[in-house]
Each structure stands twice: as C-alpha cells, then as structure tokens.
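Source file target16.cif; content: mmCIF, C-alpha atoms.
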data_my_file
loop_
_atom_site.group_PDB
_atom_site.id
_atom_site.type_symbol
_atom_site.label_atom_id
_atom_site.label_comp_id
_atom_site.auth_asym_id
_atom_site.auth_seq_id
_atom_site.Cartn_x
_atom_site.Cartn_y
_atom_site.Cartn_z
ATOM 1 C CA MET A 73 -32.422 21.069 4.421
ATOM 2 C CA SER A 74 -30.801 18.426 6.623
ATOM 3 C CA ASP A 75 -30.553 18.379 10.424
ATOM 4 C CA SER A 76 -27.925 21.029 11.203
ATOM 5 C CA SER A 77 -26.113 18.652 13.562
ATOM 6 C CA ALA A 78 -25.693 15.915 10.941
ATOM 7 C CA PRO A 79 -22.138 15.195 9.706
ATOM 8 C CA VAL A 80 -23.285 16.005 6.168
ATOM 9 C CA LEU A 81 -25.879 18.596 5.184
ATOM 10 C CA VAL A 82 -27.944 18.208 2.030
ATOM 11 C CA ALA A 83 -29.928 20.942 0.297
ATOM 12 C CA THR A 84 -31.760 20.822 -3.027
ATOM 13 C CA ALA A 85 -32.584 23.767 -5.285
ATOM 14 C CA GLY A 86 -34.170 22.783 -8.565
ATOM 15 C CA PRO A 87 -31.887 20.267 -10.320
ATOM 16 C CA VAL A 88 -28.927 21.000 -8.013
ATOM 17 C CA THR A 89 -28.041 19.143 -4.810
ATOM 18 C CA THR A 90 -25.537 20.776 -2.476
ATOM 19 C CA VAL A 91 -23.748 18.419 -0.096
ATOM 20 C CA THR A 92 -21.821 20.094 2.730
ATOM 21 C CA LEU A 93 -19.271 18.325 4.946
ATOM 22 C CA ASN A 94 -20.351 19.410 8.424
ATOM 23 C CA ARG A 95 -17.620 18.920 11.033
ATOM 24 C CA PRO A 96 -16.258 22.473 11.079
ATOM 25 C CA GLU A 97 -14.895 22.056 14.620
ATOM 26 C CA LYS A 98 -12.667 19.256 13.235
ATOM 27 C CA ARG A 99 -11.893 21.049 9.961
ATOM 28 C CA ASN A 100 -14.311 18.596 8.302
ATOM 29 C CA ALA A 101 -11.976 15.665 8.930
ATOM 30 C CA LEU A 102 -13.281 12.467 7.362
ATOM 31 C CA ASN A 103 -14.538 10.007 9.966
ATOM 32 C CA VAL A 104 -16.812 6.985 9.597
ATOM 33 C CA PRO A 105 -20.156 8.784 10.189
ATOM 34 C CA LEU A 106 -19.288 11.604 7.795
ATOM 35 C CA LEU A 107 -18.163 9.214 5.052
ATOM 36 C CA ASP A 108 -21.272 7.058 5.560
ATOM 37 C CA HIS A 109 -23.513 10.098 5.180
ATOM 38 C CA LEU A 110 -21.554 11.437 2.202
ATOM 39 C CA ILE A 111 -21.889 8.178 0.267
ATOM 40 C CA ALA A 112 -25.604 8.047 1.079
ATOM 41 C CA ALA A 113 -26.140 11.680 0.056
ATOM 42 C CA VAL A 114 -24.506 11.211 -3.341
ATOM 43 C CA GLY A 115 -26.431 7.981 -3.890
ATOM 44 C CA HIS A 116 -29.739 9.607 -2.961
ATOM 45 C CA ALA A 117 -29.150 12.523 -5.329
ATOM 46 C CA GLU A 118 -28.147 10.197 -8.146
ATOM 47 C CA ALA A 119 -31.295 8.116 -7.679
ATOM 48 C CA ASP A 120 -33.493 11.211 -8.051
ATOM 49 C CA PRO A 121 -34.145 11.733 -11.782
ATOM 50 C CA THR A 122 -34.806 15.440 -11.220
ATOM 51 C CA GLN A 123 -31.239 16.007 -10.012
ATOM 52 C CA ARG A 124 -28.498 16.833 -12.504
ATOM 53 C CA ILE A 125 -25.703 18.558 -10.581
ATOM 54 C CA LEU A 126 -24.030 17.997 -7.206
ATOM 55 C CA VAL A 127 -21.994 20.707 -5.457
ATOM 56 C CA LEU A 128 -19.615 19.564 -2.719
ATOM 57 C CA ARG A 129 -18.712 22.079 0.001
ATOM 58 C CA GLY A 130 -17.213 22.213 3.480
ATOM 59 C CA ALA A 131 -18.773 24.028 6.442
ATOM 60 C CA GLY A 132 -16.711 26.635 8.241
ATOM 61 C CA THR A 133 -13.341 27.963 7.157
ATOM 62 C CA VAL A 134 -11.869 24.761 5.693
ATOM 63 C CA PHE A 135 -13.163 22.519 2.897
ATOM 64 C CA CYS A 136 -11.644 19.316 4.324
ATOM 65 C CA SER A 137 -8.457 18.499 6.250
ATOM 66 C CA GLY A 138 -8.391 14.820 5.257
ATOM 67 C CA LEU A 139 -8.821 11.660 7.296
ATOM 68 C CA ASP A 140 -9.619 11.889 10.981
ATOM 69 C CA LEU A 141 -6.270 10.525 12.196
ATOM 70 C CA GLU A 142 -7.497 10.273 15.773
ATOM 71 C CA GLU A 143 -10.236 7.873 14.699
ATOM 72 C CA MET A 144 -7.866 6.053 12.374
ATOM 73 C CA SER A 145 -5.470 5.345 15.240
ATOM 74 C CA ARG A 146 -8.252 3.367 16.933
ATOM 75 C CA GLY A 147 -8.149 -0.063 15.348
ATOM 76 C CA GLU A 148 -11.888 -0.771 15.357
ATOM 77 C CA ASN A 149 -12.581 1.869 12.691
ATOM 78 C CA ALA A 150 -9.350 1.738 10.665
ATOM 79 C CA ALA A 151 -10.466 -0.900 8.155
ATOM 80 C CA LYS A 152 -13.991 0.503 7.884
ATOM 81 C CA SER A 153 -12.800 4.026 7.179
ATOM 82 C CA ALA A 154 -10.447 2.714 4.452
ATOM 83 C CA ASP A 155 -13.411 1.066 2.739
ATOM 84 C CA LEU A 156 -15.528 4.179 3.126
ATOM 85 C CA VAL A 157 -12.874 6.509 1.719
ATOM 86 C CA GLU A 158 -12.727 4.361 -1.390
ATOM 87 C CA GLY A 159 -16.530 4.189 -1.462
ATOM 88 C CA ALA A 160 -16.859 7.968 -1.294
ATOM 89 C CA LEU A 161 -14.346 8.497 -4.092
ATOM 90 C CA ARG A 162 -16.047 5.846 -6.221
ATOM 91 C CA ARG A 163 -19.437 7.464 -5.669
ATOM 92 C CA LEU A 164 -18.231 10.946 -6.543
ATOM 93 C CA SER A 165 -16.226 9.930 -9.590
ATOM 94 C CA GLY A 166 -18.758 7.429 -10.933
ATOM 95 C CA THR A 167 -22.022 9.293 -10.499
ATOM 96 C CA ARG A 168 -23.995 10.357 -13.564
ATOM 97 C CA LEU A 169 -24.359 13.768 -11.891
ATOM 98 C CA MET A 170 -22.074 16.616 -12.854
ATOM 99 C CA THR A 171 -20.006 17.355 -9.748
ATOM 100 C CA ILE A 172 -18.389 20.594 -8.566
ATOM 101 C CA ALA A 173 -16.057 21.029 -5.572
ATOM 102 C CA ALA A 174 -16.209 24.533 -4.073
ATOM 103 C CA VAL A 175 -13.076 24.830 -1.944
ATOM 104 C CA GLN A 176 -12.206 27.397 0.727
ATOM 105 C CA GLY A 177 -9.431 27.388 3.307
ATOM 106 C CA ALA A 178 -7.735 24.079 2.613
ATOM 107 C CA ALA A 179 -8.173 20.722 0.917
ATOM 108 C CA VAL A 180 -5.553 18.345 2.275
ATOM 109 C CA ALA A 181 -4.906 14.601 1.894
ATOM 110 C CA GLY A 182 -8.317 12.875 1.656
ATOM 111 C CA GLY A 183 -9.958 16.294 1.329
ATOM 112 C CA ALA A 184 -7.872 16.985 -1.760
ATOM 113 C CA GLY A 185 -8.848 13.494 -2.888
ATOM 114 C CA LEU A 186 -12.556 14.340 -2.711
ATOM 115 C CA MET A 187 -11.874 17.458 -4.748
ATOM 116 C CA SER A 188 -9.926 15.428 -7.313
ATOM 117 C CA ALA A 189 -12.863 13.036 -7.734
ATOM 118 C CA THR A 190 -15.209 15.790 -8.956
ATOM 119 C CA ASP A 191 -15.693 17.042 -12.504
ATOM 120 C CA PHE A 192 -14.932 20.668 -11.660
ATOM 121 C CA ALA A 193 -12.861 22.191 -8.856
ATOM 122 C CA ILE A 194 -13.007 25.873 -7.935
ATOM 123 C CA ALA A 195 -11.121 27.440 -5.014
ATOM 124 C CA THR A 196 -10.566 30.767 -3.330
ATOM 125 C CA ARG A 197 -7.174 32.322 -3.931
ATOM 126 C CA ASP A 198 -6.057 31.867 -0.316
ATOM 127 C CA ALA A 199 -6.795 28.119 -0.239
ATOM 128 C CA LYS A 200 -3.990 25.636 0.437
ATOM 129 C CA PHE A 201 -3.611 22.103 -0.845
ATOM 130 C CA GLY A 202 -1.422 19.141 -0.037
ATOM 131 C CA TYR A 203 -0.907 15.404 -0.011
ATOM 132 C CA PRO A 204 1.163 14.907 3.187
ATOM 133 C CA GLU A 205 0.500 11.177 3.549
ATOM 134 C CA VAL A 206 4.151 10.080 3.218
ATOM 135 C CA ARG A 207 5.008 12.368 6.141
ATOM 136 C CA ARG A 208 2.556 10.342 8.246
ATOM 137 C CA GLY A 209 3.858 6.957 7.094
ATOM 138 C CA LEU A 210 0.869 6.478 4.765
ATOM 139 C CA VAL A 211 0.550 5.854 1.025
ATOM 140 C CA PRO A 212 -1.954 8.011 -0.935
ATOM 141 C CA ALA A 213 -2.733 5.076 -3.205
ATOM 142 C CA ILE A 214 -6.458 5.662 -3.749
ATOM 143 C CA ILE A 215 -5.966 9.364 -4.490
ATOM 144 C CA MET A 216 -3.286 8.429 -7.038
ATOM 145 C CA THR A 217 -6.057 6.844 -9.100
ATOM 146 C CA PHE A 218 -7.201 10.391 -9.938
ATOM 147 C CA LEU A 219 -3.933 12.299 -9.859
ATOM 148 C CA ARG A 220 -2.330 9.920 -12.344
ATOM 149 C CA ARG A 221 -5.065 10.824 -14.815
ATOM 150 C CA GLN A 222 -5.123 14.563 -14.133
ATOM 151 C CA LEU A 223 -1.480 15.585 -13.753
ATOM 152 C CA ARG A 224 1.807 15.328 -15.569
ATOM 153 C CA GLU A 225 3.987 12.666 -13.990
ATOM 154 C CA ARG A 226 6.605 15.168 -12.776
ATOM 155 C CA ASP A 227 3.923 17.226 -11.031
ATOM 156 C CA ALA A 228 2.348 14.140 -9.428
ATOM 157 C CA ARG A 229 5.729 12.976 -8.144
ATOM 158 C CA GLU A 230 6.472 16.368 -6.632
ATOM 159 C CA LEU A 231 3.132 16.615 -4.832
ATOM 160 C CA LEU A 232 3.084 13.041 -3.520
ATOM 161 C CA LEU A 233 6.759 12.467 -2.704
ATOM 162 C CA LEU A 234 7.490 15.833 -1.088
ATOM 163 C CA GLY A 235 4.185 16.031 0.778
ATOM 164 C CA LYS A 236 4.315 19.828 1.043
ATOM 165 C CA LEU A 237 1.446 22.294 1.111
ATOM 166 C CA PHE A 238 1.017 24.423 -2.001
ATOM 167 C CA THR A 239 -1.038 27.370 -3.144
ATOM 168 C CA ALA A 240 -4.211 27.616 -5.181
ATOM 169 C CA GLU A 241 -2.211 29.310 -7.918
ATOM 170 C CA HIS A 242 0.098 26.302 -8.188
ATOM 171 C CA ALA A 243 -2.881 23.916 -8.076
ATOM 172 C CA HIS A 244 -4.404 25.804 -11.005
ATOM 173 C CA ASP A 245 -1.138 25.901 -12.938
ATOM 174 C CA ILE A 246 -0.717 22.109 -12.820
ATOM 175 C CA GLY A 247 -4.365 21.327 -13.574
ATOM 176 C CA LEU A 248 -5.854 20.418 -10.193
ATOM 177 C CA LEU A 249 -8.209 23.419 -10.293
ATOM 178 C CA ASN A 250 -10.432 24.746 -13.062
ATOM 179 C CA ARG A 251 -10.730 28.240 -11.583
ATOM 180 C CA ILE A 252 -9.335 30.452 -8.818
ATOM 181 C CA VAL A 253 -11.554 33.190 -7.395
ATOM 182 C CA ALA A 254 -10.967 36.084 -5.019
ATOM 183 C CA ASP A 255 -13.200 35.213 -2.080
ATOM 184 C CA ALA A 256 -16.268 33.326 -0.836
ATOM 185 C CA ALA A 257 -18.720 35.556 -2.720
ATOM 186 C CA ALA A 258 -16.815 35.045 -5.957
ATOM 187 C CA LEU A 259 -16.721 31.293 -5.254
ATOM 188 C CA ASP A 260 -20.511 31.189 -5.057
ATOM 189 C CA ALA A 261 -20.795 33.220 -8.255
ATOM 190 C CA GLU A 262 -18.407 30.960 -10.163
ATOM 191 C CA VAL A 263 -20.221 27.830 -9.008
ATOM 192 C CA GLN A 264 -23.482 29.346 -10.268
ATOM 193 C CA SER A 265 -21.841 30.218 -13.579
ATOM 194 C CA ILE A 266 -20.714 26.614 -14.097
ATOM 195 C CA ILE A 267 -24.143 25.329 -13.094
ATOM 196 C CA SER A 268 -25.788 27.631 -15.643
ATOM 197 C CA SER A 269 -23.476 26.387 -18.374
ATOM 198 C CA LEU A 270 -23.994 22.728 -17.477
ATOM 199 C CA LEU A 271 -27.760 23.097 -17.576
ATOM 200 C CA GLN A 272 -27.468 24.079 -21.247
ATOM 201 C CA GLY A 273 -26.232 20.551 -21.986
ATOM 202 C CA ALA A 274 -28.568 17.596 -22.508
ATOM 203 C CA PRO A 275 -28.584 15.430 -19.349
ATOM 204 C CA GLN A 276 -27.954 12.058 -21.006
ATOM 205 C CA ALA A 277 -25.373 13.474 -23.388
ATOM 206 C CA LEU A 278 -23.463 14.957 -20.459
ATOM 207 C CA SER A 279 -23.550 11.711 -18.493
ATOM 208 C CA GLU A 280 -22.453 9.648 -21.488
ATOM 209 C CA THR A 281 -19.628 12.081 -22.238
ATOM 210 C CA LYS A 282 -18.448 11.810 -18.635
ATOM 211 C CA ARG A 283 -18.590 8.013 -18.759
ATOM 212 C CA GLU A 284 -16.682 7.885 -22.029
ATOM 213 C CA LEU A 285 -13.958 10.163 -20.667
ATOM 214 C CA ALA A 286 -13.444 7.698 -17.800
ATOM 215 C CA GLU A 287 -13.393 4.658 -20.064
ATOM 216 C CA LEU A 288 -10.910 6.055 -22.588
ATOM 217 C CA TRP A 289 -8.071 5.668 -20.039
ATOM 218 C CA PRO A 290 -5.973 2.502 -20.669
ATOM 219 C CA SER A 291 -6.954 0.983 -17.312
ATOM 220 C CA THR A 292 -10.383 1.213 -15.693
ATOM 221 C CA TYR A 293 -11.149 2.948 -12.425
ATOM 222 C CA GLU A 294 -12.280 -0.426 -11.080
ATOM 223 C CA ALA A 295 -8.919 -2.060 -11.758
ATOM 224 C CA ASP A 296 -7.010 0.903 -10.355
ATOM 225 C CA PHE A 297 -9.176 1.065 -7.232
ATOM 226 C CA ALA A 298 -8.679 -2.651 -6.552
ATOM 227 C CA ARG A 299 -4.901 -2.296 -6.703
ATOM 228 C CA ALA A 300 -4.871 0.953 -4.721
ATOM 229 C CA HIS A 301 -7.104 -0.379 -1.951
ATOM 230 C CA SER A 302 -4.755 -3.193 -0.957
ATOM 231 C CA ILE A 303 -1.761 -0.846 -0.910
ATOM 232 C CA HIS A 304 -3.669 1.758 1.100
ATOM 233 C CA VAL A 305 -4.848 -0.729 3.740
ATOM 234 C CA ALA A 306 -1.401 -2.302 4.115
ATOM 235 C CA ALA A 307 0.177 1.102 4.666
ATOM 236 C CA ARG A 308 -2.402 2.021 7.309
ATOM 237 C CA THR A 309 -1.350 -0.918 9.502
ATOM 238 C CA SER A 310 2.395 -0.443 9.054
ATOM 239 C CA ALA A 311 4.862 0.483 11.781
ATOM 240 C CA GLU A 312 5.623 3.689 9.880
ATOM 241 C CA ALA A 313 1.972 4.720 9.938
ATOM 242 C CA GLN A 314 1.739 4.058 13.670
ATOM 243 C CA GLU A 315 4.836 6.194 14.269
ATOM 244 C CA GLY A 316 3.789 8.915 11.837
ATOM 245 C CA ILE A 317 0.318 9.313 13.304
ATOM 246 C CA ALA A 318 1.662 9.225 16.872
ATOM 247 C CA ALA A 319 4.170 11.929 15.956
ATOM 248 C CA PHE A 320 1.433 14.026 14.358
ATOM 249 C CA HIS A 321 -0.692 13.874 17.508
ATOM 250 C CA ALA A 322 2.322 14.616 19.734
ATOM 251 C CA LYS A 323 3.371 17.505 17.468
ATOM 252 C CA ARG A 324 6.877 16.062 17.091
ATOM 253 C CA ARG A 325 9.003 14.802 14.230
ATOM 254 C CA PRO A 326 8.627 11.114 13.361
ATOM 255 C CA ASN A 327 11.654 8.935 14.069
ATOM 256 C CA TRP A 328 12.747 8.867 10.417
ATOM 257 C CA ALA A 329 12.946 12.662 10.081
ATOM 258 C CA PRO A 330 16.277 14.325 11.013
#

Translate the structure of the given file into structure tokens.
Amino acid sequence: MSDSSAPVLVATAGPVTTVTLNRPEKRNALNVPLLDHLIAAVGHAEADPTQRILVLRGAGTVFCSGLDLEEMSRGENAAKSADLVEGALRRLSGTRLMTIAAVQGAAVAGGAGLMSATDFAIATRDAKFGYPEVRRGLVPAIIMTFLRRQLRERDARELLLLGKLFTAEHAHDIGLLNRIVADAAALDAEVQSIISSLLQGAPQALSETKRELAELWPSTYEADFARAHSIHVAARTSAEAQEGIAAFHAKRRPNWAP
C-alpha cells in the first residue's frame, strides 16, 4: 500500500492493481502531482508481468471533479498540466492491462475523461457526469478522442455543446457506462465480477484484442491526440478561458452568459 498522504494510492492484490486518486478534500481534482503519480502508477503496473488488471478509483465521495482550475489559472503549471492530462489518457487507453473505472459521486470534465479512457466503466446509481468545458471557455478536445469512438454523434454533440450534468442512467443509455449499481458495496461486487471474468481470458489474447479494437478505427489514437493537443492548449490560453475560470472561482456568470 502507498503512503496515505500521496496524491495517488496504489495497492496490489494478486494480478490486480488498484490505483486510487487521493485528493478527496479537492474532490480528486487533477493537478500536476496527481497526474504525475497517476502516469507513473499505470506505467509501473504495466511493467510488472504479474499484473493483468488495473482498477481506477477515487478516494472520498467523488471519483474525480476534473482539472484543478485553481492550479490551471497559474501560468507556470498550465502547459505542464495539459501535457500530463494527455499523458494520463494515453497511458490508460494504451496500456496492455485491462482497465476498470469504479465511479462514485461524480466524474466531471477530465474526471469523465479518465473514465472514458478505461475498458470498463461502472458507476453507482446516484453518480453524476458532465463535460462542462465550454461553460469555462475551454475545449474538451482530448476527451473527444474517446467520446467520438464511444458515442453516437448526436449524443456527443449534446454532452459537449450543452455542457450540462447528467445522470448515471443517461450515461448508461448512451454507452458511457457498462453497468449501473445501487451503492458502494454493489460497486465493489461488480468490479470483482468483471475481474473474475477477465481472468478467464488468456492475457496475451486479451491485450491483442484490445490493441486491435483501437487500431480498427479509421484514424489512430496518436493522430487524434496530436490534433487534439494543439486545440486544447490554445483554448487554455484564450481570453474566454481566462474569463470562464475567473467566473467559476468568483461563482458568477461569465460575460458571455445572459
């Protein structure tokens, strides 16, 4: 078990690594230290030949509330966090490990992006989801890399252009979630059920199947990430982003909203 004060906790049980985002006081908002540790944790698990499955969780009552906008508003970390967000999503989506997101409370913006980068996503019935980036003057370009593959275009447009929160039931209906469960105990049970099923599959066959699924898309993840990164970084430094983030912190409407 990791140091309990670390931004990411790592625990191993047999062939399963559990990685827990550990900033519950900040609703597990993604800052530079957390993203650094997350990328390292996934890489370490992948490098261990005894590990086959990675479970991603969030400490406390919320899975992940997205980017730490307070940190992002400080220029010295803005570019680094953009690179690390992409790095974390690349690591999660590209690992040979089978990945499961176990979501409670909420998965919003970059938190919903982490969930979207995993192979399986399970959530409690009371969980909320959302991609509110446009309401902050941001463009969810990197997350679109996954949503464009997972959702119908009409559903993706509604989620990304309206920027509203939505329920676990709706997330399941449109294909963002594999399962909805009643509560935390049922979440643990469903994760264990998926783990048990995955362990019946041959490790290399599973990894090759996962890789082939990614490569059958007309464009590669690499090409899509490269395009998305430049759009994402440009939006972060825009006047709209500065106003949107300032409005968020001040708990007021941005100047474009009536």

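Between CA of Glu284 (chain A) and CA of Ile215 (chain A) lies a distance of 20.6 Å.
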
Which residue of A:Gly159, A:Gly86, A:Gly202, A:Gly130 approaches Gln176 (chain A) most closely, using only C-alpha atoms: A:Gly130

Chain and number of each residue from the PyMOL selection byres ((chain A and resi 79) around 8), as an NGL selection string: :A and (77-78 or 80-81 or 93-95 or 105-106 or 109)

Starting from the shown file, work through the PyMOL selection byres ((chain A and resi 314-326) around 12) and note down what comes out as a tab-separated table (two decimals) with C-alpha atoms, in the frame of the given file.
chain	number	residue	atom	x	y	z
A	139	LEU	CA	-8.82	11.66	7.30
A	140	ASP	CA	-9.62	11.89	10.98
A	141	LEU	CA	-6.27	10.52	12.20
A	142	GLU	CA	-7.50	10.27	15.77
A	143	GLU	CA	-10.24	7.87	14.70
A	144	MET	CA	-7.87	6.05	12.37
A	145	SER	CA	-5.47	5.34	15.24
A	146	ARG	CA	-8.25	3.37	16.93
A	147	GLY	CA	-8.15	-0.06	15.35
A	150	ALA	CA	-9.35	1.74	10.66
A	204	PRO	CA	1.16	14.91	3.19
A	205	GLU	CA	0.50	11.18	3.55
A	206	VAL	CA	4.15	10.08	3.22
A	207	ARG	CA	5.01	12.37	6.14
A	208	ARG	CA	2.56	10.34	8.25
A	209	GLY	CA	3.86	6.96	7.09
A	210	LEU	CA	0.87	6.48	4.76
A	211	VAL	CA	0.55	5.85	1.02
A	306	ALA	CA	-1.40	-2.30	4.12
A	307	ALA	CA	0.18	1.10	4.67
A	308	ARG	CA	-2.40	2.02	7.31
A	309	THR	CA	-1.35	-0.92	9.50
A	310	SER	CA	2.40	-0.44	9.05
A	311	ALA	CA	4.86	0.48	11.78
A	312	GLU	CA	5.62	3.69	9.88
A	313	ALA	CA	1.97	4.72	9.94
A	327	ASN	CA	11.65	8.94	14.07
A	328	TRP	CA	12.75	8.87	10.42
A	329	ALA	CA	12.95	12.66	10.08
A	330	PRO	CA	16.28	14.32	11.01

Interatomic distance, CA of Ala189 (chain A) to CA of Ser165 (chain A) (Å, one decimal):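 Computed distance, CA of Ala189 (chain A) to CA of Ser165 (chain A), equals 4.9 Å.
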
Pick from A:Leu285, A:Val91, A:Ala173, A:Ala181, whichever lies nearest to Leu232 (chain A) using only C-alpha atoms: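 The answer is A:Ala181, which sits nearest to Leu232 (chain A).
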
Distance of CA of Gly138 (chain A) from CA of Ala199 (chain A), expressed in Å to one decimal place: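 Computing the Euclidean distance for CA of Ala199 (chain A) and CA of Gly138 (chain A) yields 14.5 Å.
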
Residue nearest Phe238 (chain A) among A:Ser268, A:Met170, A:Val180, A:Ala300 (counting all atoms listed in the file):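 Under the stated criterion, the closest residue is A:Val180.
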
Distance query Val114 (chain A) at most 7 Å, all atoms listed in the file, self and fewer than 4 positions along chain excluded, as an MDAnalysis selection string: chainID A and resid 110 118 163
